[in-house]
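*Asks:* Structure in structure tokens, see below.
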Amino acid sequence: MNPKRAKLLPLALLAVVLAIPVFVHVPYYLHICFMIFLFATMGMGWNLIGGYGAQLSLGHSVFFAIGAYTSVLFVVYKSLTPLVGGLVGMALAVVASVIIGLPCFRLLGPYFALATIASGEITRTLLLHFKDFTAGANGVPIPFHGTNPLFLQFNSKAPYYYLALAMLVVVASIMRLMEKAKIGRYLAAIREDQQAAESLGVKSSQIKMIAFMLSAAIVAACGALYAFTVGYIDPDSVASVNLSIEIAVVVIVGGIGTLWGPVLGAAVVVLLTELTNMFLGGLRGGANLVLYGTLLIVVILLKPEGLISFFNKFRPKQGVDKTQIAHGTHA
Amino acid sequence: MNPTIFLQTTLNGLMTGGVYALVAVGLTLIFGVMKIVNFAQGEFVMLAMYVSWMLATFAHIGPYPGLLIVGAVMFGLGYAAFKFLIVRVIGKPDEAFILLTLGLSIVLQNLVLVIFGAEYFSIDTPIKDEAFHMGGLSLSVPRLIAFLVALLMVAGLSILLNRTDLGRAMRATAESREVATLLGINPIRCFTIAFAVGIVLAGAAGVLLTPMFYVFPGVGTLFNLTAFVVVVLGGMGSVTGALLGGLIIGIVEALSSTYISLDLSQLFTFLIFLAVLFIRPSGLFGGAAK
């Protein structure tokens, strides 16, 4: 693929997805697209710490749950628009990310992953316990305010579709800018070799923390949008370990540490899940997750750099001269 | 505070702790030798529960007589999992192993869901409801058996690791793969045996759990997280640590659900877990006894 075409491809893709709701009106199909955009956005957020920061987080449901519950509870108790409640949720998620990140970044390898799982389970347990405030396992239905954009309540799926798409485009642009900015280069250096980066003066814990905070804010925003699209939240749907795992899997399947990996991964994982539900749904629950788990295993064993590497193969890596690799002089 | 309730709660916690220790011992063996966390350990417990349930239902072989058969099946499964999957990520970053075993746990859990459905099964054995009574306290027989077997297994594993050539080879591999190789030890063979034995231990836990727990596809996840907590608390890789860690977590859970709140008992488990990770990542008993 030549560089010019590589730049045009995302724009062409964007034009296509912008036009979809004009021709497709089946709510279910639009919802599938919504979920793809949502997971792609969350995947990009996760990638900041899991991919670029090389810290395998399995606790991002914490931020999703904070975003979802804060925005919904503000509507329930204070009739405050989720446009504000969502921002408060994002701020709280950033606070949570500092509380989790400060002690956890000292942990390496499996310990970090285990500690983030524990954070997620603590959040879920608390949501279940404080029933008077969160309604516990019963979950919270969002009070109906009529078709009211201020309360993110619409009479069709299309507005949610466009909101999720807008979020994806905004987050993708931030990622693109970051990759070129200093912080992106620092993160890349930490990913390659943390000790070497630190010896060159990169404050790795500080950089990781910034990445983690941003990551938390993005996922919290997704949680709020999800809540108002589905109209109901409970601890099992927004605060489960499985959600944390799915956010990570989307990125790993697509391509960890890459800009477009999460988008490809979200498309593959969400479509795979929904298509198996559609064709094998009558069979028994579980078939979709068998495929999903198998996909994860196959990618780890055969394509650890993710499915996106099938596309990148045609394009020489920027800044690396192939002859250097051939001669082994590339550091 | 009623002393009988306190004693009964502690006793229950101790017995549950034995079960936790049983699940955790296999996990800690795999970690101790291979330095990797098997995220699918709980799913192997679940598989053993299904095998044990099938033996009891279709062949009328009770869980305790069936222990050997289940053990053999689990050894085969563990060996196959190692040969086809695990061996391919040895030497790769931790993340690859975590994600591979996560994928395996998702596949196993849902494969069982597809085959057996989401029903809750249980086995009928007369021993299920039997209990010893003593001065107002009662002690359920299946729990006592599980507890005693847990003690036996920890003792057996300690002997295997400390007193046999195979155990010494495993510990040498755990210390340094390179040096072990120079000494003529085949590290991959050690890894294979450690992994398969770890899965057999998960299987034994599953068998002993069948008389007291329902058998359903998600039952493994109940034990997965607790087993991680126990293993970290006891010191990753420490067999006696896993036993003590299991007992501590069992008692903490029992006391907090009796005296504080049933649905918060897990919270305390996880808080202890995080506290140990942050303050003493080598575990309470790490480095002491292997």
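Each chain in the structure tokens gets a letter, A, B and so on, in the order shown; residues start at 1 in every chain, and ligands are counted from 1 in the order they appear.
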Write out as a VMD selection string every residue belonging to chain A that has an atom at most 9 Å from any atom of chain B, counting only C-alpha atoms.

*Replies:* chain A and resid 55 to 56 103 to 104 106 to 107 109 to 111 113 to 115 117 to 119 121 to 123 125 to 126 128 to 129 245 249 252 283 to 298 300 to 301 304

*Asks:* Could you give me the residues within segment 3-190 of chain B that DSSP places in strand (DSSP E or B), as a list in words?

*Replies:*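 DSSP-assigned strand (DSSP E or B) residues in segment 3-190 of chain B: Phe121, Ala131, Phe132, His133, Met134, Leu137, Ser138, Leu139 and Ser140 of chain B.
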
*Asks:* Could you please take those selected residues and save C-alpha atoms as a PDB file, in the first residue's frame?

*Replies:*
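Wrote out_1.pdb, looks like this:
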```pdb
ATOM      1  CA  PHE B 121     -25.956 -30.683  38.870  1.00  0.00           C
ATOM      2  CA  ALA B 131     -21.705 -34.377  60.213  1.00  0.00           C
ATOM      3  CA  PHE B 132     -19.972 -34.824  63.539  1.00  0.00           C
ATOM      4  CA  HIS B 133     -21.594 -33.086  66.486  1.00  0.00           C
ATOM      5  CA  MET B 134     -19.717 -32.058  69.560  1.00  0.00           C
ATOM      6  CA  LEU B 137     -20.553 -27.485  67.236  1.00  0.00           C
ATOM      7  CA  SER B 138     -21.016 -29.430  64.028  1.00  0.00           C
ATOM      8  CA  LEU B 139     -18.492 -30.469  61.441  1.00  0.00           C
ATOM      9  CA  SER B 140     -19.590 -31.638  58.004  1.00  0.00           C
TER      10      SER B 140
END
```

*Asks:* What is the atom CA of Ala40 of chain B to atom CA of Phe195 of chain B distance in Å?

*Replies:*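 Between these atoms lies a distance of 11.7 Å.
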
*Asks:* Quick one: residues within 8 Å of Gly223 of chain A, only C-alpha atoms counted, chain neighbours fewer than 3 positions away excluded, as a list in words?

*Replies:* Phe63, Phe64, Ala65, Ile66, Gly67, Ala68, Val219, Ala220, Tyr226, Ala227 and Val238 of chain A

*Asks:* Extract the full set of alpha helix (DSSP H) residues from segment 56-245 of chain B according to DSSP on the backbone, and format it as a PDB file with C-alpha atoms, in the first residue's frame.

*Replies:*
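The result, stored in result-v2.pdb:
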```
ATOM      1  CA  ALA B  56     -21.234 -40.841  40.006  1.00  0.00           C
ATOM      2  CA  THR B  57     -24.305 -40.425  37.803  1.00  0.00           C
ATOM      3  CA  PHE B  58     -23.601 -42.812  34.937  1.00  0.00           C
ATOM      4  CA  LEU B  67     -10.442 -39.989  42.781  1.00  0.00           C
ATOM      5  CA  LEU B  68      -7.851 -42.097  40.940  1.00  0.00           C
ATOM      6  CA  ILE B  69      -9.800 -42.164  37.669  1.00  0.00           C
ATOM      7  CA  VAL B  70     -10.337 -38.406  37.755  1.00  0.00           C
ATOM      8  CA  GLY B  71      -6.666 -37.939  38.626  1.00  0.00           C
ATOM      9  CA  ALA B  72      -5.635 -39.930  35.553  1.00  0.00           C
ATOM     10  CA  VAL B  73      -8.029 -37.987  33.300  1.00  0.00           C
ATOM     11  CA  MET B  74      -6.724 -34.679  34.649  1.00  0.00           C
ATOM     12  CA  PHE B  75      -3.116 -35.739  34.158  1.00  0.00           C
ATOM     13  CA  GLY B  76      -3.967 -36.454  30.513  1.00  0.00           C
ATOM     14  CA  LEU B  77      -5.712 -33.110  30.109  1.00  0.00           C
ATOM     15  CA  GLY B  78      -2.872 -31.224  31.782  1.00  0.00           C
ATOM     16  CA  TYR B  79      -0.315 -33.014  29.637  1.00  0.00           C
ATOM     17  CA  ALA B  80      -2.271 -32.265  26.456  1.00  0.00           C
ATOM     18  CA  ALA B  81      -2.754 -28.598  27.411  1.00  0.00           C
ATOM     19  CA  PHE B  82       0.985 -28.322  27.988  1.00  0.00           C
ATOM     20  CA  LYS B  83       2.021 -30.087  24.764  1.00  0.00           C
ATOM     21  CA  PHE B  84      -0.374 -28.232  22.477  1.00  0.00           C
ATOM     22  CA  ASP B  94       4.381 -12.954  30.894  1.00  0.00           C
ATOM     23  CA  GLU B  95       1.534 -11.326  28.984  1.00  0.00           C
ATOM     24  CA  ALA B  96       1.504 -14.117  26.394  1.00  0.00           C
ATOM     25  CA  PHE B  97       1.074 -16.717  29.103  1.00  0.00           C
ATOM     26  CA  ILE B  98      -1.622 -14.780  30.967  1.00  0.00           C
ATOM     27  CA  LEU B  99      -3.612 -14.232  27.781  1.00  0.00           C
ATOM     28  CA  LEU B 100      -3.159 -17.801  26.544  1.00  0.00           C
ATOM     29  CA  THR B 101      -4.459 -19.297  29.798  1.00  0.00           C
ATOM     30  CA  LEU B 102      -7.250 -16.684  29.919  1.00  0.00           C
ATOM     31  CA  GLY B 103      -8.278 -17.812  26.425  1.00  0.00           C
ATOM     32  CA  LEU B 104      -8.110 -21.427  27.540  1.00  0.00           C
ATOM     33  CA  SER B 105     -10.310 -20.708  30.556  1.00  0.00           C
ATOM     34  CA  ILE B 106     -12.917 -18.951  28.363  1.00  0.00           C
ATOM     35  CA  VAL B 107     -12.926 -21.873  25.899  1.00  0.00           C
ATOM     36  CA  LEU B 108     -13.169 -24.594  28.579  1.00  0.00           C
ATOM     37  CA  GLN B 109     -15.903 -22.862  30.540  1.00  0.00           C
ATOM     38  CA  ASN B 110     -18.069 -22.237  27.505  1.00  0.00           C
ATOM     39  CA  LEU B 111     -17.399 -25.581  25.854  1.00  0.00           C
ATOM     40  CA  VAL B 112     -18.853 -27.177  28.977  1.00  0.00           C
ATOM     41  CA  LEU B 113     -21.757 -24.718  28.789  1.00  0.00           C
ATOM     42  CA  VAL B 114     -22.444 -25.754  25.175  1.00  0.00           C
ATOM     43  CA  ILE B 115     -22.230 -29.485  25.975  1.00  0.00           C
ATOM     44  CA  PHE B 116     -23.978 -29.689  29.357  1.00  0.00           C
ATOM     45  CA  VAL B 141     -17.917 -34.873  56.907  1.00  0.00           C
ATOM     46  CA  PRO B 142     -17.173 -33.895  53.255  1.00  0.00           C
ATOM     47  CA  ARG B 143     -15.507 -30.703  54.466  1.00  0.00           C
ATOM     48  CA  LEU B 144     -13.438 -32.602  56.991  1.00  0.00           C
ATOM     49  CA  ILE B 145     -12.357 -35.090  54.310  1.00  0.00           C
ATOM     50  CA  ALA B 146     -11.415 -32.239  51.961  1.00  0.00           C
ATOM     51  CA  PHE B 147      -9.473 -30.568  54.737  1.00  0.00           C
ATOM     52  CA  LEU B 148      -7.556 -33.723  55.644  1.00  0.00           C
ATOM     53  CA  VAL B 149      -6.792 -34.552  52.022  1.00  0.00           C
ATOM     54  CA  ALA B 150      -5.519 -30.991  51.570  1.00  0.00           C
ATOM     55  CA  LEU B 151      -3.103 -31.542  54.452  1.00  0.00           C
ATOM     56  CA  LEU B 152      -1.994 -34.866  52.962  1.00  0.00           C
ATOM     57  CA  MET B 153      -1.420 -33.343  49.544  1.00  0.00           C
ATOM     58  CA  VAL B 154       0.635 -30.483  50.896  1.00  0.00           C
ATOM     59  CA  ALA B 155       2.758 -32.975  52.832  1.00  0.00           C
ATOM     60  CA  GLY B 156       3.089 -35.212  49.772  1.00  0.00           C
ATOM     61  CA  LEU B 157       4.040 -32.328  47.547  1.00  0.00           C
ATOM     62  CA  SER B 158       6.637 -31.108  50.040  1.00  0.00           C
ATOM     63  CA  ILE B 159       8.185 -34.569  50.070  1.00  0.00           C
ATOM     64  CA  LEU B 160       8.126 -34.721  46.271  1.00  0.00           C
ATOM     65  CA  LEU B 161       9.844 -31.336  45.990  1.00  0.00           C
ATOM     66  CA  ASN B 162      12.383 -31.764  48.780  1.00  0.00           C
ATOM     67  CA  ARG B 163      13.185 -35.445  49.000  1.00  0.00           C
ATOM     68  CA  ASP B 165      15.416 -36.367  42.465  1.00  0.00           C
ATOM     69  CA  LEU B 166      12.485 -35.206  40.368  1.00  0.00           C
ATOM     70  CA  GLY B 167      11.637 -32.581  42.986  1.00  0.00           C
ATOM     71  CA  ARG B 168      15.248 -31.408  43.196  1.00  0.00           C
ATOM     72  CA  ALA B 169      15.373 -31.168  39.421  1.00  0.00           C
ATOM     73  CA  MET B 170      12.195 -29.071  39.481  1.00  0.00           C
ATOM     74  CA  ARG B 171      13.547 -26.759  42.130  1.00  0.00           C
ATOM     75  CA  ALA B 172      16.831 -26.403  40.267  1.00  0.00           C
ATOM     76  CA  THR B 173      14.889 -25.502  37.096  1.00  0.00           C
ATOM     77  CA  ALA B 174      12.909 -22.962  39.103  1.00  0.00           C
ATOM     78  CA  GLU B 175      16.139 -21.380  40.413  1.00  0.00           C
ATOM     79  CA  ARG B 177      16.913 -22.760  33.819  1.00  0.00           C
ATOM     80  CA  GLU B 178      20.395 -22.329  32.373  1.00  0.00           C
ATOM     81  CA  VAL B 179      22.250 -23.877  35.277  1.00  0.00           C
ATOM     82  CA  ALA B 180      19.742 -26.728  35.452  1.00  0.00           C
ATOM     83  CA  THR B 181      20.329 -27.438  31.772  1.00  0.00           C
ATOM     84  CA  LEU B 182      24.084 -27.495  32.359  1.00  0.00           C
ATOM     85  CA  PRO B 187      13.769 -28.136  31.875  1.00  0.00           C
ATOM     86  CA  ILE B 188      10.894 -28.760  29.464  1.00  0.00           C
ATOM     87  CA  ARG B 189      10.378 -32.183  31.035  1.00  0.00           C
ATOM     88  CA  CYS B 190      10.283 -30.564  34.486  1.00  0.00           C
ATOM     89  CA  PHE B 191       7.801 -27.972  33.269  1.00  0.00           C
ATOM     90  CA  THR B 192       5.613 -30.680  31.736  1.00  0.00           C
ATOM     91  CA  ILE B 193       5.510 -32.675  34.947  1.00  0.00           C
ATOM     92  CA  ALA B 194       4.987 -29.615  37.164  1.00  0.00           C
ATOM     93  CA  PHE B 195       2.113 -28.423  34.975  1.00  0.00           C
ATOM     94  CA  ALA B 196       0.445 -31.834  34.721  1.00  0.00           C
ATOM     95  CA  VAL B 197       0.804 -32.468  38.473  1.00  0.00           C
ATOM     96  CA  GLY B 198      -0.575 -28.979  39.146  1.00  0.00           C
ATOM     97  CA  ILE B 199      -3.621 -29.867  37.047  1.00  0.00           C
ATOM     98  CA  VAL B 200      -4.006 -33.203  38.869  1.00  0.00           C
ATOM     99  CA  LEU B 201      -4.083 -31.249  42.147  1.00  0.00           C
ATOM    100  CA  ALA B 202      -6.792 -28.992  40.698  1.00  0.00           C
ATOM    101  CA  GLY B 203      -8.604 -32.200  39.755  1.00  0.00           C
ATOM    102  CA  ALA B 204      -8.343 -33.590  43.284  1.00  0.00           C
ATOM    103  CA  ALA B 205      -9.788 -30.332  44.596  1.00  0.00           C
ATOM    104  CA  GLY B 206     -12.655 -30.655  42.120  1.00  0.00           C
ATOM    105  CA  VAL B 207     -13.456 -34.213  43.203  1.00  0.00           C
ATOM    106  CA  LEU B 208     -13.487 -33.296  46.890  1.00  0.00           C
ATOM    107  CA  LEU B 209     -15.690 -30.280  46.162  1.00  0.00           C
ATOM    108  CA  VAL B 219     -18.011 -22.860  39.256  1.00  0.00           C
ATOM    109  CA  GLY B 220     -14.306 -22.583  38.397  1.00  0.00           C
ATOM    110  CA  THR B 221     -14.343 -18.789  38.402  1.00  0.00           C
ATOM    111  CA  LEU B 222     -15.513 -18.896  42.034  1.00  0.00           C
ATOM    112  CA  PHE B 223     -12.240 -20.542  42.950  1.00  0.00           C
ATOM    113  CA  ASN B 224      -9.953 -18.891  40.426  1.00  0.00           C
ATOM    114  CA  LEU B 225      -9.763 -15.497  42.099  1.00  0.00           C
ATOM    115  CA  THR B 226      -9.623 -16.899  45.608  1.00  0.00           C
ATOM    116  CA  ALA B 227      -6.817 -19.235  44.558  1.00  0.00           C
ATOM    117  CA  PHE B 228      -4.771 -16.277  43.246  1.00  0.00           C
ATOM    118  CA  VAL B 229      -5.300 -14.488  46.550  1.00  0.00           C
ATOM    119  CA  VAL B 230      -4.254 -17.549  48.553  1.00  0.00           C
ATOM    120  CA  VAL B 231      -1.165 -18.120  46.438  1.00  0.00           C
ATOM    121  CA  VAL B 232      -0.005 -14.510  46.689  1.00  0.00           C
ATOM    122  CA  LEU B 233      -0.724 -14.416  50.410  1.00  0.00           C
ATOM    123  CA  GLY B 234       1.286 -17.576  51.011  1.00  0.00           C
ATOM    124  CA  VAL B 239       3.504 -25.018  49.094  1.00  0.00           C
ATOM    125  CA  THR B 240       3.173 -24.646  52.873  1.00  0.00           C
ATOM    126  CA  GLY B 241       2.412 -20.960  52.253  1.00  0.00           C
ATOM    127  CA  ALA B 242      -0.527 -21.989  50.078  1.00  0.00           C
ATOM    128  CA  LEU B 243      -1.884 -24.134  52.899  1.00  0.00           C
ATOM    129  CA  LEU B 244      -1.560 -21.385  55.514  1.00  0.00           C
ATOM    130  CA  GLY B 245      -2.820 -18.755  53.050  1.00  0.00           C
TER     131      GLY B 245
END
```

*Asks:* So how far away is atom CA of Val263 of chain A from atom CA of Arg191 of chain A, in Å?

*Replies:*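 So the answer is 20.9 Å.
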
*Asks:* Please compute the atom CA of Leu102 of chain A-atom CA of Lys208 of chain A distance, one decimal, in Å.

*Replies:*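 Straight-line distance from atom CA of Leu102 of chain A to atom CA of Lys208 of chain A works out to 10.0 Å.
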
*Asks:* Neighbouring residues of Ala164 of chain A were defined as those with any atom within 7 Å, considering only C-alpha atoms; residues of the same chain fewer than 3 positions away were excluded. Please report them as a short mmCIF file (atom, residue, chain, number, x, y, z; two decimals) with N, CA and C atoms, in the first residue's frame.

*Replies:*
```
data_model
loop_
_atom_site.label_atom_id
_atom_site.label_comp_id
_atom_site.auth_asym_id
_atom_site.auth_seq_id
_atom_site.Cartn_x
_atom_site.Cartn_y
_atom_site.Cartn_z
N PHE A 34 -22.67 0.20 16.75
CA PHE A 34 -22.42 0.99 17.96
C PHE A 34 -21.42 0.28 18.86
N PHE A 37 -17.89 0.50 17.52
CA PHE A 37 -17.28 1.82 17.78
C PHE A 37 -16.89 1.94 19.25
N LEU A 38 -17.81 1.47 20.12
CA LEU A 38 -17.58 1.61 21.55
C LEU A 38 -16.34 0.82 21.97
N TYR A 160 -27.29 7.46 18.67
CA TYR A 160 -26.29 6.77 19.48
C TYR A 160 -25.12 6.32 18.59
N TYR A 161 -25.51 5.83 17.41
CA TYR A 161 -24.51 5.40 16.42
C TYR A 161 -23.54 6.55 16.15
N MET A 167 -17.13 9.80 19.11
CA MET A 167 -16.18 9.54 20.18
C MET A 167 -14.96 8.81 19.64
N LEU A 168 -15.22 7.83 18.78
CA LEU A 168 -14.12 7.06 18.19
C LEU A 168 -13.20 7.97 17.39
#
```

*Asks:* Which is closest to Val22 of chain A among A:Ala158, A:Ala224, A:Val75, A:Leu307, if we use only C-alpha atoms?

*Replies:* A:Ala158

*Asks:* Find the residues near Ala91 of chain A: any atom within 10 Å, counting only C-alpha atoms, skip ones fewer than 5 places away on the same chain, and give them as a ChimeraX atom specification.

*Replies:* /A:66-67,85-86,96-97,213,216-217,220-221

*Asks:* Taking 4 positions as the minimum chain separation for residues in the same chain, which residues sit within 12 Å of Leu200 of chain A when counting only C-alpha atoms? Answer as a list in words.

*Replies:*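 Within the cut-off, the hits are Tyr186, Ala189, Ile190, Asp193, Gln194, Gln195, Ala196 and Ser204 of chain A.
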